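Q: Before I ask anything, let me first share the structure, which is written out below as structure tokens.
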Number of protein chains: 4
Amino acid sequence: MNGKGENIEILHTRDRIVQSALRLFSRKGFRGTTIKDIAQEVGVTEGAIYRHFESKEELMEHITEKIAGEIDLLLTEEVLSKEGIKERVEALVESLACYAFNNPDSFRYMAVFHLLREEDEEEEEGRYLPGIKILHMLKEAYSRGEINVIPEVALSIVTGTISRLFEIKEMGLTEVSEEGLIDEMKRVILRSLGLAPDL
Amino acid sequence: MNGKGENIEILHTRDRIVQSALRLFSRKGFRGTTIKDIAQEVGVTEGAIYRHFESKEELMEHITEKIAGEIDLLLTEEVLSKEGIKERVEALVESLACYAFNNPDSFRYMAVFHLLREEDEEEEEGRYLPGIKILHMLKEAYSRGEINVIPEVALSIVTGTISRLFEIKEMGLTEVSEEGLIDEMKRVILRSLGLAPDL
Amino acid sequence: MNGKGENIEILHTRDRIVQSALRLFSRKGFRGTTIKDIAQEVGVTEGAIYRHFESKEELMEHITEKIAGEIDLLLTEEVLSKEGIKERVEALVESLACYAFNNPDSFRYMAVFHLLREEDEEEEEGRYLPGIKILHMLKEAYSRGEINVIPEVALSIVTGTISRLFEIKEMGLTEVSEEGLIDEMKRVILRSLGLAPDL
Amino acid sequence: MNGKGENIEILHTRDRIVQSALRLFSRKGFRGTTIKDIAQEVGVTEGAIYRHFESKEELMEHITEKIAGEIDLLLTEEVLSKEGIKERVEALVESLACYAFNNPDSFRYMAVFHLLREEDEEEEEGRYLPGIKILHMLKEAYSRGEINVIPEVALSIVTGTISRLFEIKEMGLTEVSEEGLIDEMKRVILRSLGLAPDL
DNA sequence: TATGAATGAGCTTTCATTCAT
DNA sequence: TATGAATGAAAGCTCATTCAT
């Protein structure tokens, strides 16, 4: 019982660390965020962070995996479960945009996390995880003749548009409602891929 | 002649600093790049940087202004000089994508430079300069009924797609030629905005 | 008890920093003293200083305020509490000279601290605090006809003599005892102000 | 003739260096003054200083010797040439105070120059040159019974008062004329030494 | 003589990390 | 588990000095 109580405490602190780190990393960058920043936001001292994560690096990797998992789940359950490329693209725009608007820190983090490490010169890794899966989906549709747009360009249209619109919204450059933006994106992206419903 | 020779020397070192800093800032971030990194790449000692720029900050501002100026020139001379929204969008995709492929460091820098500073928590500035100008152009076309896409979404489609495709190419995820990618983007983006030539 | 022990430790290091900084600043100047010098004398690394003081500047300001407070207390409690200008001057010489001989670092610091900053060209501030208070006292005595010496000159006689004698003693240029010097100063300064006991 | 012309040039620049360095050293300290500061004030570049002085150190030593020589000359010609201790003290106050008011940079420099070096920890040197000579004079007068004040205290009265009054005047804390201040000092210092003319 | 780019040592400061408590 | 003092490496920057021109 004692152990249980402690465990709950740990989880709480640990979660708050992750939440604060996510928020700060996504806004100020990995290097721009200090352990002290995180500790202060959580309300503990710097040393306490190291009870939960071995290093700042490990903390970041934890967050990266967490978000990658969420996005992956989204793709698997909300998008790839659908039949038909049109339905899949519609679901992709819908679910990814919703995810962005509801989890701005996570989306921002994912969008820039390859810019956050900046470790060694040109370190390229197996990142861009979600993109790869979508690219695969689009390549299949392309080879089956379901869309007539080069898959890499199709991928750019879908994810690039959502990312940029998210940024525009974050900057306060639009007053259109989230729903309005999502519907418009769906309509226009489908049209761009030759999947317009009204054709 | 003497003065000339000296001047050339000065410009050389200064220019090499700018070039290296641009390359490194755009790849490793502002904080991720050290003065030592830049100095080593240029082949001088750290102190020499400070003969040409008062601080790392000032060096960054110089680069930012330089690139903002280049993009602005591009928009003014290559895009806004055209008549008709279709011609303008075509020119925009063409010139921005070419700029990206020919000046990858500059484009990468511009795309991420608001992520590089990471100064104080949520510092928002008058950045995203090029976007504003394009948004203005699209809003006018929209109000005139020349396009039927919400301007913010239209902006996202155009600039988001180019940015994402640039990233995909940089990651080596496509083998399509630059020309092929640009033509495809032009075709698809025009279609998305209801400006398809074949309609 | 635990808390007590920790507290004592903290005070110790912090106090030792102040003590060493005071000693070094007063002898080698603000710029002439490095954080490394202080850290070495205290027996910690440079970074440790910054747990206790935000900057070298702040450390100096702390010391300045500490000493200004001590001198001010001295004036208020030992000098201004007395009645009669003769008694006050006697007490001033006595207490200031004793302070100098017993706290040579502090006195030296106070005597030169406006020379230690050397910030911007000719920055004049509200310094020389103790002097102002004494000048005020002398001006009152002068306007009441209790002394017949121009107050600014009287102030110079009193504080200038003590300062210079302190320096002479520090340089090892005299073998007279502290008591002997103080008594002689009292006698001669009183005579200079027309307050000689034998008149 | 050519050589002559050049020589004149050298002297000019060299003199201007000395003048600027004296001004800056006396106000901002040795460490607080950079070679660049001096060069800028003179209107040349940093390298040019090294045409005239081997190092910053040497420049300082030159200035120190120059001023020490001036003061020494003053003592020899204006003070020690007089007969009688009363006449000598009067001349000392007169000439030293005039020197201070007419050459504030030099006097300030001399007053603080042992604080400017701040080289190694407790470097004591054969400085305080003028003081030594005056002390000698006062010791003789004391042993002859011409004054009844301990020589070290007498020295402190004379030089300490002048120094402090100079500082007070520099701070703008008095509106009394220079002449008035000097006359008052003469009167009061003589009285303090038991040499009052009215006794 | 003078320039000014460059050096190199040293400075203040920051920060991830450790560790005794 | 948490604290917070301390470390140590590295950062940005300064500056006396040198040297090719």
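Lettering and numbering for the structure tokens are positional, with chains as A, B, ... in the shown order, residues counted from 1 in each chain, and ligands counted from 1 in the shown order.
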From the DSSP assignment of the backbone, select every residue of region 30-187 of chain C that is alpha helix (DSSP H), and format the answer as a PyMOL selection string.
A: chain C and resi 35-42+46-52+56-74+85-102+104-116+129-143+151-155+161-170+178-187
Q: Next, write the just-selected residues to a file, as an mmCIF file, in the first residue's frame, keeping C-alpha atoms as the atom set.
A:
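For reference, result.cif as written:
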```cif
data_model
loop_
_atom_site.group_PDB
_atom_site.id
_atom_site.type_symbol
_atom_site.label_atom_id
_atom_site.label_comp_id
_atom_site.auth_asym_id
_atom_site.auth_seq_id
_atom_site.Cartn_x
_atom_site.Cartn_y
_atom_site.Cartn_z
ATOM 1 C CA ILE C 35 35.675 34.916 -10.415
ATOM 2 C CA LYS C 36 38.339 32.240 -10.530
ATOM 3 C CA ASP C 37 40.404 34.131 -7.952
ATOM 4 C CA ILE C 38 37.465 34.240 -5.596
ATOM 5 C CA ALA C 39 36.498 30.624 -6.192
ATOM 6 C CA GLN C 40 40.023 29.432 -5.582
ATOM 7 C CA GLU C 41 40.295 31.322 -2.343
ATOM 8 C CA VAL C 42 36.981 29.912 -1.164
ATOM 9 C CA GLU C 46 33.763 29.031 -10.500
ATOM 10 C CA GLY C 47 30.282 27.765 -11.176
ATOM 11 C CA ALA C 48 29.562 27.497 -7.469
ATOM 12 C CA ILE C 49 29.764 31.264 -7.085
ATOM 13 C CA TYR C 50 26.732 31.558 -9.321
ATOM 14 C CA ARG C 51 24.574 29.526 -6.996
ATOM 15 C CA HIS C 52 24.910 32.330 -4.491
ATOM 16 C CA LYS C 56 29.978 39.387 -10.387
ATOM 17 C CA GLU C 57 28.173 42.709 -10.488
ATOM 18 C CA GLU C 58 25.537 41.533 -8.025
ATOM 19 C CA LEU C 59 28.229 40.216 -5.706
ATOM 20 C CA MET C 60 29.836 43.617 -5.723
ATOM 21 C CA GLU C 61 26.571 45.393 -5.052
ATOM 22 C CA HIS C 62 25.911 43.095 -2.125
ATOM 23 C CA ILE C 63 29.270 43.962 -0.622
ATOM 24 C CA THR C 64 28.798 47.662 -1.257
ATOM 25 C CA GLU C 65 25.471 47.689 0.495
ATOM 26 C CA LYS C 66 26.804 45.648 3.383
ATOM 27 C CA ILE C 67 29.642 48.068 4.036
ATOM 28 C CA ALA C 68 27.568 51.170 3.439
ATOM 29 C CA GLY C 69 25.183 49.790 6.042
ATOM 30 C CA GLU C 70 27.949 49.206 8.535
ATOM 31 C CA ILE C 71 29.348 52.698 8.144
ATOM 32 C CA ASP C 72 25.918 54.214 8.311
ATOM 33 C CA LEU C 73 25.178 52.332 11.514
ATOM 34 C CA LEU C 74 28.440 53.575 12.932
ATOM 35 C CA ILE C 85 30.050 69.152 17.768
ATOM 36 C CA LYS C 86 33.268 68.560 19.676
ATOM 37 C CA GLU C 87 31.982 65.294 21.060
ATOM 38 C CA ARG C 88 30.709 64.294 17.641
ATOM 39 C CA VAL C 89 33.973 64.979 15.862
ATOM 40 C CA GLU C 90 35.898 63.128 18.548
ATOM 41 C CA ALA C 91 33.545 60.171 18.229
ATOM 42 C CA LEU C 92 33.757 60.312 14.451
ATOM 43 C CA VAL C 93 37.536 60.146 14.406
ATOM 44 C CA GLU C 94 37.564 57.467 17.064
ATOM 45 C CA SER C 95 34.939 55.213 15.511
ATOM 46 C CA LEU C 96 35.951 55.651 11.879
ATOM 47 C CA ALA C 97 39.619 55.070 12.600
ATOM 48 C CA CYS C 98 38.804 52.032 14.723
ATOM 49 C CA TYR C 99 36.595 50.698 11.956
ATOM 50 C CA ALA C 100 39.428 51.199 9.483
ATOM 51 C CA PHE C 101 42.017 49.457 11.625
ATOM 52 C CA ASN C 102 39.705 46.602 12.566
ATOM 53 C CA PRO C 104 40.924 47.107 6.765
ATOM 54 C CA ASP C 105 39.383 45.312 3.783
ATOM 55 C CA SER C 106 36.038 47.006 4.282
ATOM 56 C CA PHE C 107 37.563 50.423 4.798
ATOM 57 C CA ARG C 108 39.818 50.065 1.805
ATOM 58 C CA TYR C 109 36.867 48.859 -0.240
ATOM 59 C CA MET C 110 34.730 51.802 0.781
ATOM 60 C CA ALA C 111 37.531 54.255 0.164
ATOM 61 C CA VAL C 112 38.066 53.112 -3.376
ATOM 62 C CA PHE C 113 34.865 51.467 -4.461
ATOM 63 C CA HIS C 114 33.943 54.238 -6.815
ATOM 64 C CA LEU C 115 37.230 53.556 -8.526
ATOM 65 C CA LEU C 116 36.562 49.877 -8.781
ATOM 66 C CA LEU C 129 27.011 58.243 1.165
ATOM 67 C CA PRO C 130 28.740 58.512 4.552
ATOM 68 C CA GLY C 131 30.439 61.735 3.522
ATOM 69 C CA ILE C 132 27.138 63.387 2.752
ATOM 70 C CA LYS C 133 25.819 62.739 6.210
ATOM 71 C CA ILE C 134 28.933 64.101 7.870
ATOM 72 C CA LEU C 135 28.937 67.127 5.592
ATOM 73 C CA HIS C 136 25.392 67.822 6.695
ATOM 74 C CA MET C 137 26.406 67.638 10.327
ATOM 75 C CA LEU C 138 29.320 70.010 9.755
ATOM 76 C CA LYS C 139 27.182 72.467 7.825
ATOM 77 C CA GLU C 140 24.769 72.702 10.727
ATOM 78 C CA ALA C 141 27.566 73.269 13.199
ATOM 79 C CA TYR C 142 28.999 75.921 10.899
ATOM 80 C CA SER C 143 25.702 77.781 10.549
ATOM 81 C CA PRO C 151 32.224 72.708 6.064
ATOM 82 C CA GLU C 152 33.671 71.152 2.911
ATOM 83 C CA VAL C 153 37.174 71.822 4.197
ATOM 84 C CA ALA C 154 36.248 70.518 7.612
ATOM 85 C CA LEU C 155 34.933 67.328 6.045
ATOM 86 C CA THR C 161 43.252 62.566 7.325
ATOM 87 C CA ILE C 162 41.868 59.257 8.505
ATOM 88 C CA SER C 163 42.000 57.778 5.001
ATOM 89 C CA ARG C 164 45.520 58.876 4.367
ATOM 90 C CA LEU C 165 46.774 57.714 7.749
ATOM 91 C CA PHE C 166 45.152 54.358 7.109
ATOM 92 C CA GLU C 167 47.067 54.096 3.847
ATOM 93 C CA ILE C 168 50.317 55.119 5.489
ATOM 94 C CA LYS C 169 49.823 52.467 8.132
ATOM 95 C CA GLU C 170 48.993 49.822 5.527
ATOM 96 C CA GLU C 178 47.078 52.573 16.529
ATOM 97 C CA GLU C 179 46.029 54.127 19.796
ATOM 98 C CA GLY C 180 48.749 56.715 19.556
ATOM 99 C CA LEU C 181 47.741 57.613 16.029
ATOM 100 C CA ILE C 182 44.059 57.893 16.889
ATOM 101 C CA ASP C 183 44.704 60.076 19.918
ATOM 102 C CA GLU C 184 46.981 62.313 17.935
ATOM 103 C CA MET C 185 44.432 62.620 15.133
ATOM 104 C CA LYS C 186 41.729 63.514 17.600
ATOM 105 C CA ARG C 187 43.878 66.199 19.188
#
```
Q: Could I have chain B as a compact mmCIF listing (two decimals) with C-alpha atoms, in the first residue's frame after it is superimposed on chain A by least squares, pairing all C-alpha atoms in sequence order?
A:
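File produced: part.txt:
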```txt
# COMPACT_ATOMS: atom_id res chain seq x y z
CA MET B 1 -3.11 0.97 -0.81
CA ASN B 2 0.13 2.39 0.35
CA GLY B 3 1.83 1.18 -2.79
CA LYS B 4 -0.97 2.59 -4.85
CA GLY B 5 -0.66 6.02 -3.32
CA GLU B 6 3.05 6.09 -3.90
CA ASN B 7 2.68 4.98 -7.42
CA ILE B 8 0.24 7.75 -8.17
CA GLU B 9 2.66 10.26 -6.74
CA ILE B 10 5.47 8.96 -8.91
CA LEU B 11 3.41 9.00 -12.03
CA HIS B 12 2.32 12.51 -11.27
CA THR B 13 5.76 14.00 -11.05
CA ARG B 14 7.06 11.99 -13.95
CA ASP B 15 4.08 12.90 -16.05
CA ARG B 16 4.36 16.53 -15.16
CA ILE B 17 7.99 16.48 -16.23
CA VAL B 18 7.02 14.96 -19.57
CA GLN B 19 4.24 17.46 -20.06
CA SER B 20 6.37 20.48 -19.26
CA ALA B 21 9.28 19.23 -21.30
CA LEU B 22 7.01 18.60 -24.26
CA ARG B 23 5.60 22.08 -24.04
CA LEU B 24 8.98 23.75 -23.68
CA PHE B 25 10.87 21.61 -26.19
CA SER B 26 8.21 22.26 -28.80
CA ARG B 27 8.34 26.00 -28.24
CA LYS B 28 11.92 26.78 -27.33
CA GLY B 29 13.74 23.83 -28.82
CA PHE B 30 15.84 21.18 -27.16
CA ARG B 31 18.83 23.38 -26.55
CA GLY B 32 16.68 26.39 -25.83
CA THR B 33 15.04 24.56 -22.96
CA THR B 34 17.08 24.06 -19.81
CA ILE B 35 16.57 21.43 -17.17
CA LYS B 36 16.03 24.33 -14.82
CA ASP B 37 13.17 25.61 -16.99
CA ILE B 38 11.46 22.25 -16.79
CA ALA B 39 12.12 21.83 -13.08
CA GLN B 40 10.75 25.26 -12.31
CA GLU B 41 7.60 24.62 -14.28
CA VAL B 42 7.08 21.31 -12.51
CA GLY B 43 7.91 22.87 -9.17
CA VAL B 44 10.89 20.74 -8.18
CA THR B 45 14.63 21.22 -8.22
CA GLU B 46 16.83 20.25 -11.11
CA GLY B 47 18.20 17.15 -9.45
CA ALA B 48 14.72 15.70 -9.14
CA ILE B 49 14.44 15.39 -12.91
CA TYR B 50 17.28 12.93 -12.82
CA ARG B 51 15.40 10.56 -10.58
CA HIS B 52 12.97 10.04 -13.43
CA PHE B 53 15.16 10.38 -16.50
CA GLU B 54 18.82 9.60 -16.87
CA SER B 55 19.53 12.63 -19.01
CA LYS B 56 17.93 15.42 -20.96
CA GLU B 57 18.53 13.31 -24.03
CA GLU B 58 16.64 10.37 -22.58
CA LEU B 59 13.77 12.64 -21.63
CA MET B 60 13.56 13.81 -25.21
CA GLU B 61 13.67 10.30 -26.57
CA HIS B 62 10.86 9.30 -24.27
CA ILE B 63 8.73 12.16 -25.56
CA THR B 64 9.59 11.42 -29.15
CA GLU B 65 8.57 7.82 -28.82
CA LYS B 66 5.40 8.71 -27.00
CA ILE B 67 4.27 11.07 -29.74
CA ALA B 68 5.41 8.83 -32.57
CA GLY B 69 3.32 6.11 -30.97
CA GLU B 70 0.26 8.34 -30.75
CA ILE B 71 0.50 9.40 -34.37
CA ASP B 72 1.11 5.88 -35.47
CA LEU B 73 -1.91 4.68 -33.58
CA LEU B 74 -3.93 7.40 -35.23
CA LEU B 75 -2.86 6.35 -38.68
CA THR B 76 -3.46 2.69 -38.04
CA GLU B 77 -6.80 3.02 -36.33
CA GLU B 78 -8.35 6.03 -37.97
CA VAL B 79 -6.90 6.05 -41.45
CA LEU B 80 -5.59 2.73 -42.68
CA SER B 81 -8.62 0.94 -41.27
CA LYS B 82 -10.75 2.72 -43.88
CA GLU B 83 -11.46 1.37 -47.34
CA GLY B 84 -10.86 3.49 -50.42
CA ILE B 85 -8.31 6.21 -50.99
CA LYS B 86 -10.86 8.99 -50.82
CA GLU B 87 -12.11 7.83 -47.43
CA ARG B 88 -8.55 7.42 -46.23
CA VAL B 89 -7.45 10.89 -47.26
CA GLU B 90 -10.55 12.39 -45.72
CA ALA B 91 -9.88 10.50 -42.48
CA LEU B 92 -6.24 11.49 -42.58
CA VAL B 93 -6.97 15.20 -42.86
CA GLU B 94 -9.69 14.97 -40.26
CA SER B 95 -7.74 12.99 -37.68
CA LEU B 96 -4.37 14.68 -38.16
CA ALA B 97 -5.88 18.16 -38.04
CA CYS B 98 -7.90 17.27 -34.97
CA TYR B 99 -4.81 15.85 -33.33
CA ALA B 100 -2.97 19.07 -34.11
CA PHE B 101 -5.67 21.32 -32.73
CA ASN B 102 -6.22 19.20 -29.63
CA ASN B 103 -2.57 18.47 -28.91
CA PRO B 104 -0.79 21.54 -30.17
CA ASP B 105 2.36 20.88 -28.15
CA SER B 106 2.63 17.34 -29.45
CA PHE B 107 1.97 18.34 -33.03
CA ARG B 108 4.40 21.21 -32.88
CA TYR B 109 6.95 18.92 -31.31
CA MET B 110 6.54 16.30 -34.00
CA ALA B 111 6.67 18.86 -36.74
CA VAL B 112 9.97 20.25 -35.60
CA PHE B 113 11.62 17.55 -33.60
CA HIS B 114 14.20 16.84 -36.24
CA LEU B 115 15.18 20.47 -35.91
CA LEU B 116 15.47 20.25 -32.17
CA ARG B 117 18.32 17.86 -31.78
CA GLU B 118 20.88 19.64 -33.88
CA GLU B 119 23.38 17.08 -32.75
CA ASP B 120 26.18 16.61 -35.21
CA GLU B 121 26.34 18.41 -38.48
CA GLU B 122 24.15 16.49 -40.85
CA GLU B 123 22.76 13.64 -38.85
CA GLU B 124 19.97 11.99 -40.76
CA GLU B 125 17.97 9.31 -39.07
CA GLY B 126 14.99 7.10 -39.54
CA ARG B 127 12.73 9.95 -38.64
CA TYR B 128 9.64 11.29 -40.33
CA LEU B 129 8.06 8.02 -39.43
CA PRO B 130 4.43 8.97 -40.01
CA GLY B 131 5.21 10.44 -43.42
CA ILE B 132 6.72 7.21 -44.62
CA LYS B 133 3.57 5.27 -43.88
CA ILE B 134 1.37 7.79 -45.66
CA LEU B 135 3.72 7.93 -48.61
CA HIS B 136 3.42 4.19 -48.89
CA MET B 137 -0.36 4.43 -48.91
CA LEU B 138 -0.31 7.10 -51.62
CA LYS B 139 2.14 5.17 -53.74
CA GLU B 140 -0.18 2.19 -53.75
CA ALA B 141 -3.17 4.32 -54.69
CA TYR B 142 -1.11 5.90 -57.45
CA SER B 143 0.01 2.58 -58.90
CA ARG B 144 -3.59 1.43 -58.87
CA GLY B 145 -4.65 4.54 -60.71
CA GLU B 146 -6.87 5.71 -57.84
CA ILE B 147 -5.09 9.06 -57.79
CA ASN B 148 -3.23 10.71 -60.63
CA VAL B 149 -0.85 12.81 -58.57
CA ILE B 150 2.81 11.95 -58.04
CA PRO B 151 2.81 10.40 -54.55
CA GLU B 152 5.54 12.64 -53.12
CA VAL B 153 3.59 15.69 -54.23
CA ALA B 154 0.38 14.23 -52.89
CA LEU B 155 2.06 13.63 -49.53
CA SER B 156 3.31 17.20 -49.51
CA ILE B 157 -0.13 18.56 -50.25
CA VAL B 158 -1.77 16.65 -47.43
CA THR B 159 0.74 16.96 -44.63
CA GLY B 160 2.24 20.28 -45.73
CA THR B 161 -1.13 21.97 -45.82
CA ILE B 162 -2.14 20.73 -42.39
CA SER B 163 1.18 21.77 -40.86
CA ARG B 164 1.11 25.21 -42.36
CA LEU B 165 -2.48 25.84 -41.43
CA PHE B 166 -1.68 24.78 -37.88
CA GLU B 167 1.10 27.36 -37.78
CA ILE B 168 -1.15 30.05 -39.21
CA LYS B 169 -3.74 29.33 -36.58
CA GLU B 170 -1.15 29.34 -33.82
CA MET B 171 0.02 32.74 -34.95
CA GLY B 172 -3.50 34.03 -34.69
CA LEU B 173 -3.63 34.84 -38.37
CA THR B 174 -7.10 33.41 -38.91
CA GLU B 175 -10.47 33.76 -37.29
CA VAL B 176 -12.09 30.88 -39.08
CA SER B 177 -13.27 28.09 -36.76
CA GLU B 178 -11.35 24.87 -36.51
CA GLU B 179 -14.25 22.98 -37.98
CA GLY B 180 -14.47 25.37 -40.87
CA LEU B 181 -10.76 25.04 -41.57
CA ILE B 182 -10.83 21.26 -41.44
CA ASP B 183 -13.84 20.99 -43.75
CA GLU B 184 -12.26 23.39 -46.19
CA MET B 185 -8.99 21.47 -46.15
CA LYS B 186 -10.81 18.22 -46.77
CA ARG B 187 -12.68 19.69 -49.70
CA VAL B 188 -9.68 21.34 -51.28
CA ILE B 189 -7.22 18.53 -50.73
CA LEU B 190 -9.63 15.98 -52.20
CA ARG B 191 -10.07 18.28 -55.19
CA SER B 192 -6.31 18.64 -55.59
CA LEU B 193 -5.96 14.87 -55.74
CA GLY B 194 -8.74 14.53 -58.24
CA LEU B 195 -11.00 12.97 -55.64
CA ALA B 196 -13.50 15.80 -55.47
CA PRO B 197 -16.94 14.51 -54.49
CA ASP B 198 -18.65 16.77 -57.00
CA LEU B 199 -16.83 15.40 -59.99
```
Q: Kindly provide, as number ranges by chain, the residues of chain E having any atom no farther than 12 Å from an atom of chain D, counting only C-alpha atoms (C1' of nucleotides).
A: E: 1-5
Q: Could you write out that same residue set with N, CA, C and O atoms (P, O5', C5', C4', C3', O3' and C1' of nucleotides) as a PDB file, in the first residue's frame?
A:
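Output below, filename again_9.pdb:
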```
ATOM      1  P    DT E   1      58.198  57.819 -36.534  1.00  0.00           P
ATOM      2  O5'  DT E   1      56.751  57.333 -36.852  1.00  0.00           O
ATOM      3  C5'  DT E   1      56.540  56.645 -38.096  1.00  0.00           C
ATOM      4  C4'  DT E   1      55.191  57.069 -38.567  1.00  0.00           C
ATOM      5  C3'  DT E   1      54.077  56.677 -37.589  1.00  0.00           C
ATOM      6  O3'  DT E   1      53.043  57.624 -37.704  1.00  0.00           O
ATOM      7  C1'  DT E   1      53.949  55.396 -39.583  1.00  0.00           C
ATOM      8  P    DA E   2      51.737  57.529 -36.812  1.00  0.00           P
ATOM      9  O5'  DA E   2      50.848  56.531 -37.660  1.00  0.00           O
ATOM     10  C5'  DA E   2      50.321  56.995 -38.900  1.00  0.00           C
ATOM     11  C4'  DA E   2      49.479  55.916 -39.508  1.00  0.00           C
ATOM     12  C3'  DA E   2      48.442  55.303 -38.559  1.00  0.00           C
ATOM     13  O3'  DA E   2      47.182  55.455 -39.178  1.00  0.00           O
ATOM     14  C1'  DA E   2      49.653  53.615 -39.690  1.00  0.00           C
ATOM     15  P    DT E   3      45.862  54.893 -38.492  1.00  0.00           P
ATOM     16  O5'  DT E   3      45.660  53.546 -39.279  1.00  0.00           O
ATOM     17  C5'  DT E   3      45.422  53.599 -40.687  1.00  0.00           C
ATOM     18  C4'  DT E   3      45.229  52.196 -41.195  1.00  0.00           C
ATOM     19  C3'  DT E   3      44.112  51.417 -40.484  1.00  0.00           C
ATOM     20  O3'  DT E   3      43.126  51.134 -41.440  1.00  0.00           O
ATOM     21  C1'  DT E   3      46.096  50.112 -40.731  1.00  0.00           C
ATOM     22  P    DG E   4      41.597  51.080 -41.014  1.00  0.00           P
ATOM     23  O5'  DG E   4      41.430  49.511 -40.835  1.00  0.00           O
ATOM     24  C5'  DG E   4      41.820  48.628 -41.885  1.00  0.00           C
ATOM     25  C4'  DG E   4      41.939  47.225 -41.316  1.00  0.00           C
ATOM     26  C3'  DG E   4      40.931  46.906 -40.203  1.00  0.00           C
ATOM     27  O3'  DG E   4      40.644  45.525 -40.240  1.00  0.00           O
ATOM     28  C1'  DG E   4      43.034  46.577 -39.383  1.00  0.00           C
ATOM     29  P    DA E   5      39.288  45.006 -40.812  1.00  0.00           P
ATOM     30  O5'  DA E   5      39.651  43.497 -41.170  1.00  0.00           O
ATOM     31  C5'  DA E   5      40.599  43.216 -42.188  1.00  0.00           C
ATOM     32  C4'  DA E   5      41.447  42.019 -41.798  1.00  0.00           C
ATOM     33  C3'  DA E   5      40.692  40.882 -41.116  1.00  0.00           C
ATOM     34  O3'  DA E   5      41.191  39.661 -41.645  1.00  0.00           O
ATOM     35  C1'  DA E   5      42.443  41.602 -39.706  1.00  0.00           C
TER      36       DA E   5
END
```
Q: At what distance in Å, to one decimal, does C1' of DT14 (chain E) lie from C1' of DT1 (chain F)?
A: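 Taking C1' of DT1 (chain F) as the start and C1' of DT14 (chain E) as the end point, the length is 27.0 Å.
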Q: For chain F, which residues have at least one atom within 8 Å of chain A, if we go by only C-alpha atoms (C1' of nucleotides)? Write them as a ChimeraX atom specification, please.
A: /F:1-4
Q: Mind writing the picked residues with C-alpha atoms (C1' of nucleotides) as a short mmCIF file (atom, residue, chain, number, x, y, z; two decimals), in the first residue's frame?
A:
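Listed below is the output, part27.cif:
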```
data_model
loop_
_atom_site.label_atom_id
_atom_site.label_comp_id
_atom_site.auth_asym_id
_atom_site.auth_seq_id
_atom_site.Cartn_x
_atom_site.Cartn_y
_atom_site.Cartn_z
"C1'" DT F 1 11.88 10.61 -3.56
"C1'" DA F 2 13.47 15.03 -3.39
"C1'" DT F 3 16.85 18.74 -2.32
"C1'" DG F 4 20.26 21.97 -3.66
#
```
